[in-house]
file upload_34.txt (compact mmCIF, C-alpha atoms and all ligand atoms)
# COMPACT_ATOMS: atom_id res chain seq x y z
CA MET A 1 -14.56 -39.56 -128.91
CA THR A 2 -12.29 -37.62 -126.52
CA THR A 3 -8.82 -36.68 -127.76
CA SER A 4 -5.79 -37.74 -125.74
CA LYS A 5 -3.94 -35.06 -123.77
CA GLY A 6 -0.64 -36.78 -124.58
CA THR A 7 1.23 -40.07 -124.42
CA ILE A 8 3.41 -40.86 -121.42
CA LEU A 9 6.07 -43.57 -121.32
CA LEU A 10 6.16 -45.30 -117.94
CA THR A 11 9.30 -47.30 -117.20
CA GLY A 12 8.60 -49.88 -114.50
CA GLY A 13 4.91 -49.20 -115.08
CA LEU A 14 3.77 -52.65 -113.91
CA GLY A 15 5.31 -52.13 -110.47
CA TYR A 16 3.50 -50.92 -107.38
CA ILE A 17 3.55 -47.15 -107.93
CA GLY A 18 3.71 -47.27 -111.74
CA SER A 19 0.55 -49.38 -112.07
CA HIS A 20 -1.50 -47.02 -109.88
CA THR A 21 -0.14 -44.00 -111.74
CA ALA A 22 -1.02 -45.59 -115.10
CA ILE A 23 -4.65 -45.75 -113.99
CA THR A 24 -4.75 -42.13 -112.81
CA LEU A 25 -3.14 -40.88 -116.03
CA ILE A 26 -5.54 -42.76 -118.28
CA GLU A 27 -8.56 -41.71 -116.20
CA ASN A 28 -7.41 -38.13 -116.72
CA GLY A 29 -7.15 -38.28 -120.50
CA TYR A 30 -3.58 -39.49 -121.18
CA GLU A 31 -2.39 -42.53 -123.13
CA VAL A 32 0.34 -44.62 -121.52
CA VAL A 33 3.03 -46.89 -122.90
CA ILE A 34 4.59 -49.23 -120.36
CA VAL A 35 8.09 -50.69 -120.49
CA ASP A 36 8.86 -53.21 -117.76
CA ASN A 37 11.19 -56.21 -117.67
CA LEU A 38 9.04 -57.91 -114.98
CA SER A 39 12.05 -58.26 -112.67
CA ASN A 40 9.82 -57.26 -109.74
CA SER A 41 6.31 -57.45 -111.18
CA SER A 42 3.97 -59.77 -112.97
CA LEU A 43 2.25 -59.69 -116.34
CA SER A 44 -1.05 -60.33 -114.56
CA THR A 45 -0.92 -56.69 -113.35
CA LEU A 46 -1.28 -55.58 -116.97
CA GLY A 47 -4.52 -57.57 -117.30
CA ARG A 48 -5.81 -56.08 -114.06
CA ILE A 49 -5.09 -52.50 -115.12
CA GLU A 50 -6.90 -53.26 -118.39
CA LYS A 51 -9.81 -54.72 -116.42
CA ILE A 52 -10.10 -51.64 -114.18
CA LEU A 53 -10.04 -49.31 -117.19
CA SER A 54 -11.80 -51.56 -119.76
CA LYS A 55 -9.03 -50.57 -122.14
CA LYS A 56 -5.97 -52.19 -123.77
CA ILE A 57 -2.59 -50.84 -122.70
CA THR A 58 0.50 -50.70 -124.92
CA PHE A 59 3.13 -52.79 -123.16
CA PHE A 60 6.72 -53.80 -123.99
CA LYS A 61 8.46 -56.46 -121.91
CA SER A 62 11.93 -55.01 -121.98
CA SER A 63 14.70 -53.59 -119.89
CA ILE A 64 15.11 -49.82 -120.10
CA ASP A 65 18.61 -50.19 -121.55
CA ASP A 66 17.42 -52.33 -124.48
CA LYS A 67 18.18 -49.84 -127.25
CA LYS A 68 16.37 -51.76 -129.98
CA THR A 69 13.04 -51.75 -128.14
CA LEU A 70 13.37 -48.15 -126.96
CA ASP A 71 14.39 -46.93 -130.44
CA ASN A 72 11.34 -48.70 -131.83
CA ILE A 73 9.04 -47.03 -129.26
CA PHE A 74 10.41 -43.51 -129.73
CA THR A 75 10.42 -43.87 -133.54
CA ASN A 76 6.87 -45.11 -133.83
CA ILE A 77 5.02 -43.49 -130.93
CA GLU A 78 4.95 -39.79 -130.19
CA ILE A 79 5.90 -39.62 -126.50
CA ASP A 80 5.26 -36.37 -124.59
CA ALA A 81 7.02 -37.25 -121.32
CA VAL A 82 8.66 -40.12 -119.46
CA ILE A 83 7.92 -41.15 -115.90
CA HIS A 84 10.84 -43.23 -114.73
CA PHE A 85 9.75 -45.68 -112.03
CA SER A 86 11.98 -48.60 -112.93
CA ALA A 87 14.66 -49.37 -110.34
CA PHE A 88 15.50 -51.89 -107.63
CA LYS A 89 14.17 -50.63 -104.30
CA SER A 90 15.20 -52.89 -101.42
CA VAL A 91 17.60 -51.34 -98.91
CA THR A 92 18.52 -54.80 -97.59
CA GLU A 93 19.34 -56.19 -101.05
CA SER A 94 21.32 -53.06 -101.88
CA VAL A 95 23.52 -53.64 -98.83
CA GLN A 96 24.06 -57.27 -99.87
CA ASN A 97 24.70 -56.45 -103.52
CA PRO A 98 25.58 -52.81 -104.17
CA LEU A 99 26.85 -53.45 -107.70
CA GLU A 100 23.50 -54.86 -108.84
CA TYR A 101 21.87 -51.71 -107.52
CA TYR A 102 24.34 -49.33 -109.17
CA LYS A 103 24.04 -51.32 -112.42
CA ASN A 104 20.25 -51.12 -112.60
CA ASN A 105 19.51 -47.81 -110.89
CA VAL A 106 22.42 -45.79 -112.28
CA SER A 107 24.13 -47.47 -115.25
CA ASN A 108 20.92 -48.68 -116.95
CA PHE A 109 19.37 -45.31 -116.21
CA ILE A 110 22.24 -43.52 -117.98
CA ASP A 111 21.84 -45.82 -121.01
CA PHE A 112 18.13 -45.05 -121.00
CA LEU A 113 18.71 -41.27 -120.78
CA LYS A 114 21.10 -41.47 -123.75
CA ILE A 115 18.42 -43.17 -125.83
CA CYS A 116 15.84 -40.59 -124.73
CA ASP A 117 18.22 -37.78 -125.66
CA GLU A 118 18.92 -39.26 -129.10
CA HIS A 119 15.18 -39.13 -129.75
CA GLY A 120 14.76 -35.60 -128.39
CA MET A 121 12.82 -36.82 -125.36
CA ASN A 122 14.08 -34.58 -122.57
CA ARG A 123 11.08 -34.32 -120.27
CA ILE A 124 11.26 -36.79 -117.40
CA ILE A 125 9.74 -37.35 -113.99
CA TYR A 126 12.04 -39.31 -111.70
CA SER A 127 11.06 -41.51 -108.73
CA SER A 128 13.27 -40.48 -105.88
CA SER A 129 12.87 -41.09 -102.19
CA ALA A 130 12.96 -39.54 -98.74
CA THR A 131 15.91 -41.92 -98.26
CA VAL A 132 18.11 -39.33 -100.00
CA TYR A 133 17.89 -37.01 -96.97
CA SER A 134 20.53 -37.03 -94.28
CA PRO A 135 19.43 -38.81 -91.09
CA ASN A 136 20.22 -35.53 -89.33
CA ALA A 137 17.60 -33.60 -91.33
CA SER A 138 14.91 -32.49 -88.89
CA SER A 139 11.22 -33.05 -89.64
CA PRO A 140 9.20 -31.61 -91.25
CA ILE A 141 11.84 -32.03 -93.98
CA THR A 142 11.90 -29.43 -96.74
CA GLU A 143 13.43 -30.07 -100.16
CA ASP A 144 16.36 -27.84 -99.18
CA ALA A 145 17.39 -30.09 -96.27
CA ALA A 146 20.81 -31.71 -96.50
CA THR A 147 21.02 -34.97 -98.41
CA GLY A 148 23.16 -37.86 -97.18
CA PRO A 149 21.81 -41.36 -97.78
CA VAL A 150 23.07 -44.08 -95.46
CA ASN A 151 22.80 -47.13 -97.73
CA PRO A 152 23.61 -48.08 -101.34
CA TYR A 153 19.96 -47.91 -102.44
CA GLY A 154 19.67 -44.30 -101.24
CA ASN A 155 22.98 -43.45 -102.89
CA THR A 156 21.77 -44.79 -106.24
CA LYS A 157 18.60 -42.66 -105.97
CA LEU A 158 20.66 -39.58 -105.18
CA CYS A 159 23.01 -40.39 -108.10
CA GLY A 160 19.99 -40.38 -110.42
CA GLU A 161 18.97 -36.97 -109.07
CA MET A 162 22.48 -35.60 -109.57
CA ILE A 163 22.63 -36.82 -113.15
CA LEU A 164 19.31 -35.15 -113.94
CA ARG A 165 20.25 -31.91 -112.21
CA ASP A 166 23.52 -31.78 -114.16
CA LEU A 167 21.62 -32.35 -117.41
CA CYS A 168 19.25 -29.48 -116.55
CA SER A 169 22.00 -27.09 -115.62
CA GLU A 170 24.29 -27.91 -118.58
CA GLN A 171 21.72 -28.51 -121.36
CA SER A 172 18.70 -26.26 -121.58
CA ASN A 173 16.53 -28.81 -123.42
CA TRP A 174 16.09 -30.99 -120.29
CA GLN A 175 13.06 -30.54 -118.08
CA VAL A 176 12.88 -32.69 -114.97
CA GLY A 177 10.53 -33.39 -112.08
CA ILE A 178 12.30 -35.09 -109.19
CA LEU A 179 9.77 -36.56 -106.77
CA ARG A 180 10.90 -37.64 -103.32
CA TYR A 181 8.30 -40.07 -102.07
CA PHE A 182 7.89 -40.61 -98.35
CA ASN A 183 6.28 -43.99 -97.49
CA PRO A 184 3.83 -45.17 -100.16
CA ALA A 185 1.10 -47.42 -98.75
CA GLY A 186 -2.34 -48.79 -99.58
CA ALA A 187 -3.84 -50.00 -102.83
CA HIS A 188 -6.31 -49.17 -105.59
CA GLU A 189 -9.93 -49.18 -104.39
CA SER A 190 -10.81 -52.02 -106.79
CA ALA A 191 -8.44 -54.29 -104.79
CA LEU A 192 -7.24 -55.60 -108.17
CA ILE A 193 -3.76 -54.07 -107.82
CA GLY A 194 -1.56 -53.27 -104.83
CA GLU A 195 1.87 -53.87 -103.38
CA SER A 196 3.27 -57.38 -103.94
CA PRO A 197 6.73 -57.64 -102.44
CA ARG A 198 8.69 -60.80 -103.24
CA GLY A 199 9.99 -62.54 -100.12
CA THR A 200 10.14 -60.67 -96.82
CA PRO A 201 8.63 -57.18 -97.14
CA ASN A 202 11.04 -54.31 -96.52
CA ASN A 203 8.27 -51.84 -95.76
CA LEU A 204 6.08 -51.79 -92.67
CA MET A 205 2.58 -51.79 -94.21
CA PRO A 206 3.01 -54.97 -96.33
CA TYR A 207 4.65 -56.67 -93.33
CA ILE A 208 1.66 -55.80 -91.14
CA ALA A 209 -0.61 -57.03 -93.95
CA ASP A 210 1.25 -60.37 -93.98
CA VAL A 211 0.71 -60.73 -90.21
CA ALA A 212 -2.98 -59.82 -90.53
CA ILE A 213 -3.53 -62.44 -93.25
CA GLY A 214 -1.68 -65.07 -91.16
CA LYS A 215 1.36 -65.42 -93.44
CA ARG A 216 3.67 -64.29 -90.60
CA ASN A 217 3.22 -64.84 -86.87
CA HIS A 218 4.11 -61.44 -85.55
CA LEU A 219 5.64 -58.05 -86.28
CA ASN A 220 8.97 -56.99 -84.76
CA ILE A 221 8.90 -53.37 -83.62
CA TYR A 222 12.41 -51.99 -83.45
CA GLY A 223 12.55 -49.68 -80.45
CA ASP A 224 9.94 -48.27 -78.10
CA ASP A 225 12.12 -45.64 -76.46
CA TYR A 226 12.26 -42.99 -79.17
CA PRO A 227 11.19 -39.46 -78.23
CA THR A 228 7.86 -39.87 -80.08
CA VAL A 229 4.20 -40.04 -79.12
CA ASP A 230 4.43 -43.67 -77.91
CA GLY A 231 8.15 -44.42 -78.19
CA THR A 232 7.96 -46.13 -81.61
CA GLY A 233 9.35 -44.71 -84.86
CA VAL A 234 7.28 -42.12 -86.71
CA ARG A 235 7.04 -41.97 -90.54
CA ASP A 236 5.00 -40.17 -93.18
CA TYR A 237 2.74 -42.69 -94.97
CA ILE A 238 1.15 -41.55 -98.21
CA HIS A 239 -1.66 -43.35 -100.05
CA VAL A 240 -0.43 -44.72 -103.36
CA MET A 241 -3.39 -43.08 -105.15
CA ASP A 242 -2.45 -39.68 -103.69
CA LEU A 243 1.05 -40.38 -104.98
CA ALA A 244 -0.37 -41.26 -108.41
CA GLU A 245 -2.27 -37.95 -108.43
CA GLY A 246 0.98 -36.19 -107.45
CA HIS A 247 2.55 -37.59 -110.64
CA LEU A 248 -0.36 -36.33 -112.70
CA ALA A 249 -0.05 -32.86 -111.16
CA THR A 250 3.73 -32.82 -111.74
CA LEU A 251 3.27 -33.94 -115.33
CA GLU A 252 0.81 -31.12 -116.00
CA TYR A 253 3.16 -28.65 -114.33
CA LEU A 254 6.00 -29.74 -116.61
CA LEU A 255 3.80 -29.70 -119.70
CA HIS A 256 2.50 -26.19 -118.97
CA THR A 257 5.69 -24.50 -117.74
CA LYS A 258 9.33 -24.60 -118.76
CA GLU A 259 10.40 -25.25 -115.17
CA SER A 260 12.12 -28.20 -113.52
CA VAL A 261 11.22 -29.09 -109.94
CA THR A 262 12.30 -31.16 -106.95
CA LEU A 263 9.37 -31.97 -104.70
CA ASN A 264 8.50 -33.94 -101.60
CA LEU A 265 5.43 -36.12 -102.00
CA GLY A 266 4.23 -36.80 -98.48
CA THR A 267 1.33 -35.86 -96.24
CA GLY A 268 3.26 -33.79 -93.70
CA THR A 269 1.86 -35.94 -90.89
CA GLY A 270 3.80 -38.54 -88.96
CA THR A 271 2.30 -41.83 -87.80
CA SER A 272 3.98 -44.12 -85.27
CA VAL A 273 4.40 -47.87 -85.74
CA LEU A 274 1.91 -48.55 -82.94
CA GLN A 275 -0.62 -46.11 -84.40
CA LEU A 276 -0.33 -47.86 -87.77
CA VAL A 277 -0.74 -51.29 -86.14
CA LYS A 278 -3.88 -50.14 -84.29
CA THR A 279 -5.40 -48.61 -87.44
CA TYR A 280 -4.68 -51.79 -89.40
CA GLU A 281 -6.36 -53.86 -86.68
CA ASN A 282 -9.45 -51.65 -86.95
CA ALA A 283 -9.49 -51.84 -90.74
CA SER A 284 -8.98 -55.61 -90.95
CA GLY A 285 -10.74 -56.76 -87.81
CA TYR A 286 -7.68 -58.90 -86.99
CA LYS A 287 -5.20 -58.62 -84.12
CA ILE A 288 -1.60 -57.88 -85.14
CA PRO A 289 0.70 -59.59 -82.60
CA TYR A 290 4.00 -57.76 -82.16
CA HIS A 291 7.29 -58.12 -80.26
CA MET A 292 9.16 -55.08 -79.02
CA THR A 293 12.86 -55.44 -79.82
CA ASP A 294 15.94 -53.22 -79.72
CA ARG A 295 16.39 -50.24 -81.99
CA ARG A 296 17.95 -50.98 -85.40
CA PRO A 297 21.23 -49.22 -86.15
CA GLY A 298 20.68 -46.31 -88.52
CA ASP A 299 16.96 -45.88 -87.72
CA ILE A 300 15.81 -42.43 -86.66
CA ALA A 301 12.94 -41.37 -84.38
CA ALA A 302 10.84 -39.41 -86.84
CA CYS A 303 10.80 -38.57 -90.53
CA TYR A 304 7.99 -36.67 -92.23
CA ALA A 305 7.71 -34.28 -95.11
CA ASP A 306 7.09 -30.62 -95.44
CA PRO A 307 4.71 -30.92 -98.44
CA GLU A 308 4.19 -27.14 -98.90
CA ARG A 309 6.24 -26.74 -102.09
CA ALA A 310 4.16 -29.33 -103.96
CA LYS A 311 0.99 -27.65 -102.71
CA ARG A 312 2.17 -24.20 -103.81
CA LEU A 313 3.51 -25.18 -107.24
CA LEU A 314 1.15 -27.98 -108.24
CA GLY A 315 -1.96 -27.26 -106.21
CA TRP A 316 -1.63 -30.90 -105.12
CA LYS A 317 -2.17 -32.20 -101.61
CA ALA A 318 -2.54 -35.74 -100.23
CA LYS A 319 -6.22 -36.32 -99.33
CA ARG A 320 -6.48 -39.88 -98.08
CA SER A 321 -6.11 -40.97 -94.43
CA ILE A 322 -4.11 -43.68 -92.69
CA HIS A 323 -7.39 -45.58 -92.29
CA ASP A 324 -7.93 -45.40 -96.10
CA MET A 325 -4.44 -46.83 -96.61
CA CYS A 326 -4.99 -49.69 -94.15
CA LEU A 327 -8.45 -50.52 -95.47
CA SER A 328 -7.38 -50.59 -99.13
CA SER A 329 -4.27 -52.62 -98.25
CA TRP A 330 -6.41 -55.11 -96.36
CA LYS A 331 -8.95 -55.41 -99.19
CA TRP A 332 -6.10 -56.01 -101.63
CA ILE A 333 -4.22 -58.57 -99.53
CA SER A 334 -7.33 -60.48 -98.53
CA GLN A 335 -8.66 -60.75 -102.10
CA LYS A 336 -5.29 -61.36 -103.75
CA THR A 337 -5.18 -65.05 -102.93
CA GLU A 338 -8.55 -65.45 -104.59
CA TYR A 339 -7.37 -63.73 -107.80
CA GLN A 340 -4.17 -65.76 -107.89
CA ARG A 341 -6.21 -68.94 -107.68
CA SER A 342 -8.54 -67.96 -110.53
CA GLU A 343 -5.70 -66.67 -112.74
CA SER A 344 -3.80 -69.95 -112.44
CA GLU A 345 -6.82 -71.96 -113.56
N1 LIG B 1 7.73 -48.24 -102.84
C1 LIG B 1 8.45 -47.42 -102.08
O1 LIG B 1 8.42 -47.52 -100.85
C2 LIG B 1 9.29 -46.33 -102.70
C3 LIG B 1 9.67 -45.23 -101.91
C4 LIG B 1 10.45 -44.23 -102.49
C5 LIG B 1 10.85 -44.34 -103.81
N2 LIG B 1 10.48 -45.42 -104.55
C6 LIG B 1 10.93 -45.51 -105.94
O2 LIG B 1 9.78 -45.55 -106.76
C7 LIG B 1 10.00 -46.35 -107.92
C8 LIG B 1 8.89 -47.37 -108.06
O3 LIG B 1 8.83 -48.13 -106.86
P1 LIG B 1 7.81 -49.32 -106.70
O4 LIG B 1 7.52 -49.44 -105.25
O5 LIG B 1 6.71 -49.20 -107.67
O6 LIG B 1 8.77 -50.52 -107.10
P2 LIG B 1 8.42 -51.86 -107.90
O7 LIG B 1 9.58 -52.77 -107.74
O8 LIG B 1 7.07 -52.34 -107.53
O9 LIG B 1 8.36 -51.32 -109.40
C9 LIG B 1 9.52 -51.13 -110.18
C10 LIG B 1 9.26 -51.78 -111.52
O10 LIG B 1 10.41 -51.59 -112.35
C11 LIG B 1 10.67 -52.80 -113.05
N3 LIG B 1 12.10 -52.76 -113.42
C12 LIG B 1 13.18 -52.81 -112.59
N4 LIG B 1 14.31 -52.73 -113.33
C13 LIG B 1 13.93 -52.59 -114.61
C14 LIG B 1 14.64 -52.42 -115.84
N5 LIG B 1 15.97 -52.41 -115.88
N6 LIG B 1 13.94 -52.30 -116.99
C15 LIG B 1 12.56 -52.32 -116.98
N7 LIG B 1 11.85 -52.48 -115.85
C16 LIG B 1 12.53 -52.60 -114.69
C17 LIG B 1 10.25 -53.91 -112.11
O11 LIG B 1 9.92 -55.09 -112.81
C18 LIG B 1 9.03 -53.29 -111.44
O12 LIG B 1 7.85 -53.60 -112.13
C19 LIG B 1 11.40 -46.94 -107.75
O13 LIG B 1 12.29 -46.15 -108.51
C20 LIG B 1 11.70 -46.77 -106.28
O14 LIG B 1 13.08 -46.61 -106.04
C21 LIG B 1 9.70 -46.41 -104.03
call {"tool": "encode", "arguments": {"input": "upload_34.txt", "output": "structure tokens", "more": "lines below"}}
Ligand SMILES: NC(=O)c1ccc[n+]([C@@H]2O[C@H](COP(=O)([O-])OP(=O)(O)OC[C@H]3O[C@@H](n4cnc5c(N)ncnc54)[C@H](O)[C@@H]3O)[C@@H](O)[C@H]2O)c1
result
Amino acid sequence: MTTSKGTILLTGGLGYIGSHTAITLIENGYEVVIVDNLSNSSLSTLGRIEKILSKKITFFKSSIDDKKTLDNIFTNIEIDAVIHFSAFKSVTESVQNPLEYYKNNVSNFIDFLKICDEHGMNRIIYSSSATVYSPNASSPITEDAATGPVNPYGNTKLCGEMILRDLCSEQSNWQVGILRYFNPAGAHESALIGESPRGTPNNLMPYIADVAIGKRNHLNIYGDDYPTVDGTGVRDYIHVMDLAEGHLATLEYLLHTKESVTLNLGTGTGTSVLQLVKTYENASGYKIPYHMTDRRPGDIAACYADPERAKRLLGWKAKRSIHDMCLSSWKWISQKTEYQRSESE
């Protein structure tokens, strides 16, 4: 029997990035405990993670601010670190309802941190986003670039960072890894888990996937006159399994040093909308019809990471290609309907 390297509490661990990270952590010798209120995920994901790993996972259906449940977890399970994924993540919804976003992403997070602190749990990895950077930051973006989110969602993510940075600078017991993800895409190779947005997808890859599977007629491309390779917007897409491995590497860095870090998790390579469409067509074998429309206010030409700091400190680097992302997304989306049918029987 192999001994566990430690037990990690994943908030929002049944969501898109949390579920993939849970698999990577367990495959690398950690135990995980998941807390998720299922506000943007489904219990069936738990069964699928267990199927991939042939292992039962400790799960609590609870909000992160539910003191009774969290007290119970911290009292009865020795937790070595927290990875905090739970949050609302739609820019569009955050514009329509900023208070909901501040309540969940900031206020509930503060309640959660207080509970962690009461139990002496002061090691936390935080899901942040490239959205925290100012639109004027030039690519490749380093972690020292100016911040300046342009929507409520981005502001809530930056608020979370500020809270954690203040805790680290004022109280020496806190140790924090702030991870700024660029554009997570793709799915686990098993095609048992992947991204499942409710309603209209906010991100490009799941939208393209919906068009490929025939759920939507076409893709709108907002602007073809940017100063980029083909005029369409350029972003840094990172495979969700590379991202999961970035969490593992950050966790081990925190466990083996006394340092706190803020890191970009991206590939350092930009891909245009048209390049992504073409690659998805190749991966799926289906045509993706698109309409060119006007630029969207607030959109910028190009945004991609400088991933050097993560490489230097963690020895981590994204390995998977855009084709890998498209292929795994396509496998997931095309098999998902089949799973949903069998699970409802
Ligand atoms: N997916 C992206 O494009 C992206 C990019 C940058 C940053 N992020 C950040 O990464 C994190 C994870 O993103 P994701 O794509 O996996 O999102 P997701 O919505 O798939 O997962 C978030 C999970 O948190 C849960 N949750 C929300 N509020 C909760 C609460 N109060 N208590 C308990 N559980 C709660 C949801 O049910 C969901 O399962 C988020 O913090 C998000 O802001 C995501």
call {"tool": "residues_near_ligand", "arguments": {"input": "upload_34.txt", "ligand": "ligand LIG 1 (chain B)", "cutoff": "6 Å", "atoms": "only C-alpha atoms and all ligand atoms", "output": "list in words"}}
result
Thr11, Gly12, Leu14, Gly15, Tyr16, Ile17, Gly18, Val35, Asp36, Asn37, Leu38, Ser39, Asn40, Ser41, Ser62, Ser63, Ile64, Phe85, Ser86, Ala87, Phe88, Lys89, Asn104, Ser127, Ser128, Ser129, Tyr181, Asn183 and Pro184 of chain A
call {"tool": "residues_around", "arguments": {"input": "upload_34.txt", "residues": "range 282-290 of chain A", "least_positions_apart": "2", "cutoff": "7 Å", "atoms": "only C-alpha atoms", "output": "PyMOL selection string"}}
result
chain A and resi 211-212+218-221+277-280+292+323+326-327+330
call {"tool": "closest_residue", "arguments": {"input": "upload_34.txt", "among": "A:Thr21, A:Thr147, A:Ser169, A:Asn264", "to": "Leu248 in chain A", "atoms": "only C-alpha atoms"}}
result
A:Thr21
call {"tool": "atom_distance", "arguments": {"input": "upload_34.txt", "atom1": "CA of Phe112 in chain A", "atom2": "CA of Asp65 in chain A"}}
result
5.2 Å
call {"tool": "atom_distance", "arguments": {"input": "upload_34.txt", "atom1": "CA of Ser19 in chain A", "atom2": "CA of Ser260 in chain A"}}
result
24.2 Å
call {"tool": "closest_atom_pairs", "arguments": {"input": "upload_34.txt", "of": "range 65-147 of chain A", "to": "range 192-206 of chain A", "cutoff": "12 Å", "atoms": "all atoms listed in the file", "output": "JSON lines"}}
result
{"residue": "A:Phe88", "atom": "CA", "partner": "A:Pro197", "partner_atom": "CA", "distance": 11.7}
{"residue": "A:Lys89", "atom": "CA", "partner": "A:Asn202", "partner_atom": "CA", "distance": 9.2}
{"residue": "A:Ser90", "atom": "CA", "partner": "A:Asn202", "partner_atom": "CA", "distance": 6.6}
{"residue": "A:Val91", "atom": "CA", "partner": "A:Asn202", "partner_atom": "CA", "distance": 7.6}
{"residue": "A:Thr92", "atom": "CA", "partner": "A:Asn202", "partner_atom": "CA", "distance": 7.6}
{"residue": "A:Glu93", "atom": "CA", "partner": "A:Asn202", "partner_atom": "CA", "distance": 9.6}
{"residue": "A:Ser94", "atom": "CA", "partner": "A:Asn202", "partner_atom": "CA", "distance": 11.7}
call {"tool": "residues_near_point", "arguments": {"input": "upload_34.txt", "point": "(17.0, -37.6, -126.5)", "cutoff": "12 Å", "atoms": "only C-alpha atoms", "output": "list in words"}}
result
Leu70, Asp71, Phe74, Thr75, Ile79, Asp80, Ala81, Val82, Ile110, Asp111, Phe112, Leu113, Lys114, Ile115, Cys116, Asp117, Glu118, His119, Gly120, Met121, Asn122, Arg123, Ile124, Leu167, Gln171, Asn173, Trp174 and Gln175 of chain A
call {"tool": "residues_near_point", "arguments": {"input": "upload_34.txt", "point": "(22.4, -37.1, -95.3)", "cutoff": "6 Å", "atoms": "only C-alpha atoms", "output": "list in words"}}
result
Tyr133, Ser134, Pro135, Ala146, Thr147, Gly148 and Pro149 of chain A
call {"tool": "closest_residue", "arguments": {"input": "upload_34.txt", "among": "A:Gly246, A:Pro297, A:Gly231, A:Gly29", "to": "Ile125 in chain A", "atoms": "all atoms listed in the file"}}
result
A:Gly246
call {"tool": "atom_distance", "arguments": {"input": "upload_34.txt", "atom1": "CA of Ile178 in chain A", "atom2": "CA of Val261 in chain A"}}
result
6.1 Å
call {"tool": "closest_residue", "arguments": {"input": "upload_34.txt", "among": "A:Lys319, A:Asp324, A:Arg235, A:Leu313", "to": "Thr257 in chain A", "atoms": "all atoms listed in the file"}}
result
A:Leu313
call {"tool": "closest_residue", "arguments": {"input": "upload_34.txt", "among": "A:Gly214, A:Gly268, A:Glu259, A:Thr250", "to": "Ser172 in chain A", "atoms": "only C-alpha atoms"}}
result
A:Glu259
call {"tool": "closest_residue", "arguments": {"input": "upload_34.txt", "among": "A:Ser138, A:Ser42, A:Arg309, A:Ile8", "to": "Ile77 in chain A", "atoms": "only C-alpha atoms"}}
result
A:Ile8
call {"tool": "closest_residue", "arguments": {"input": "upload_34.txt", "among": "A:Ser334, A:Thr142, A:Asp230, A:Thr271", "to": "Lys215 in chain A", "atoms": "only C-alpha atoms"}}
result
A:Ser334
call {"tool": "residues_around", "arguments": {"input": "upload_34.txt", "residues": "Ser139 in chain A", "least_positions_apart": "6", "cutoff": "7 Å", "atoms": "only C-alpha atoms", "output": "PDB file with C-alpha atoms, in the coordinates of the input"}}
result
ATOM      1  CA  ALA A 302      10.840 -39.410 -86.840  1.00  0.00           C
ATOM      2  CA  CYS A 303      10.800 -38.570 -90.530  1.00  0.00           C
ATOM      3  CA  TYR A 304       7.990 -36.670 -92.230  1.00  0.00           C
ATOM      4  CA  ALA A 305       7.710 -34.280 -95.110  1.00  0.00           C
TER       5      ALA A 305
END
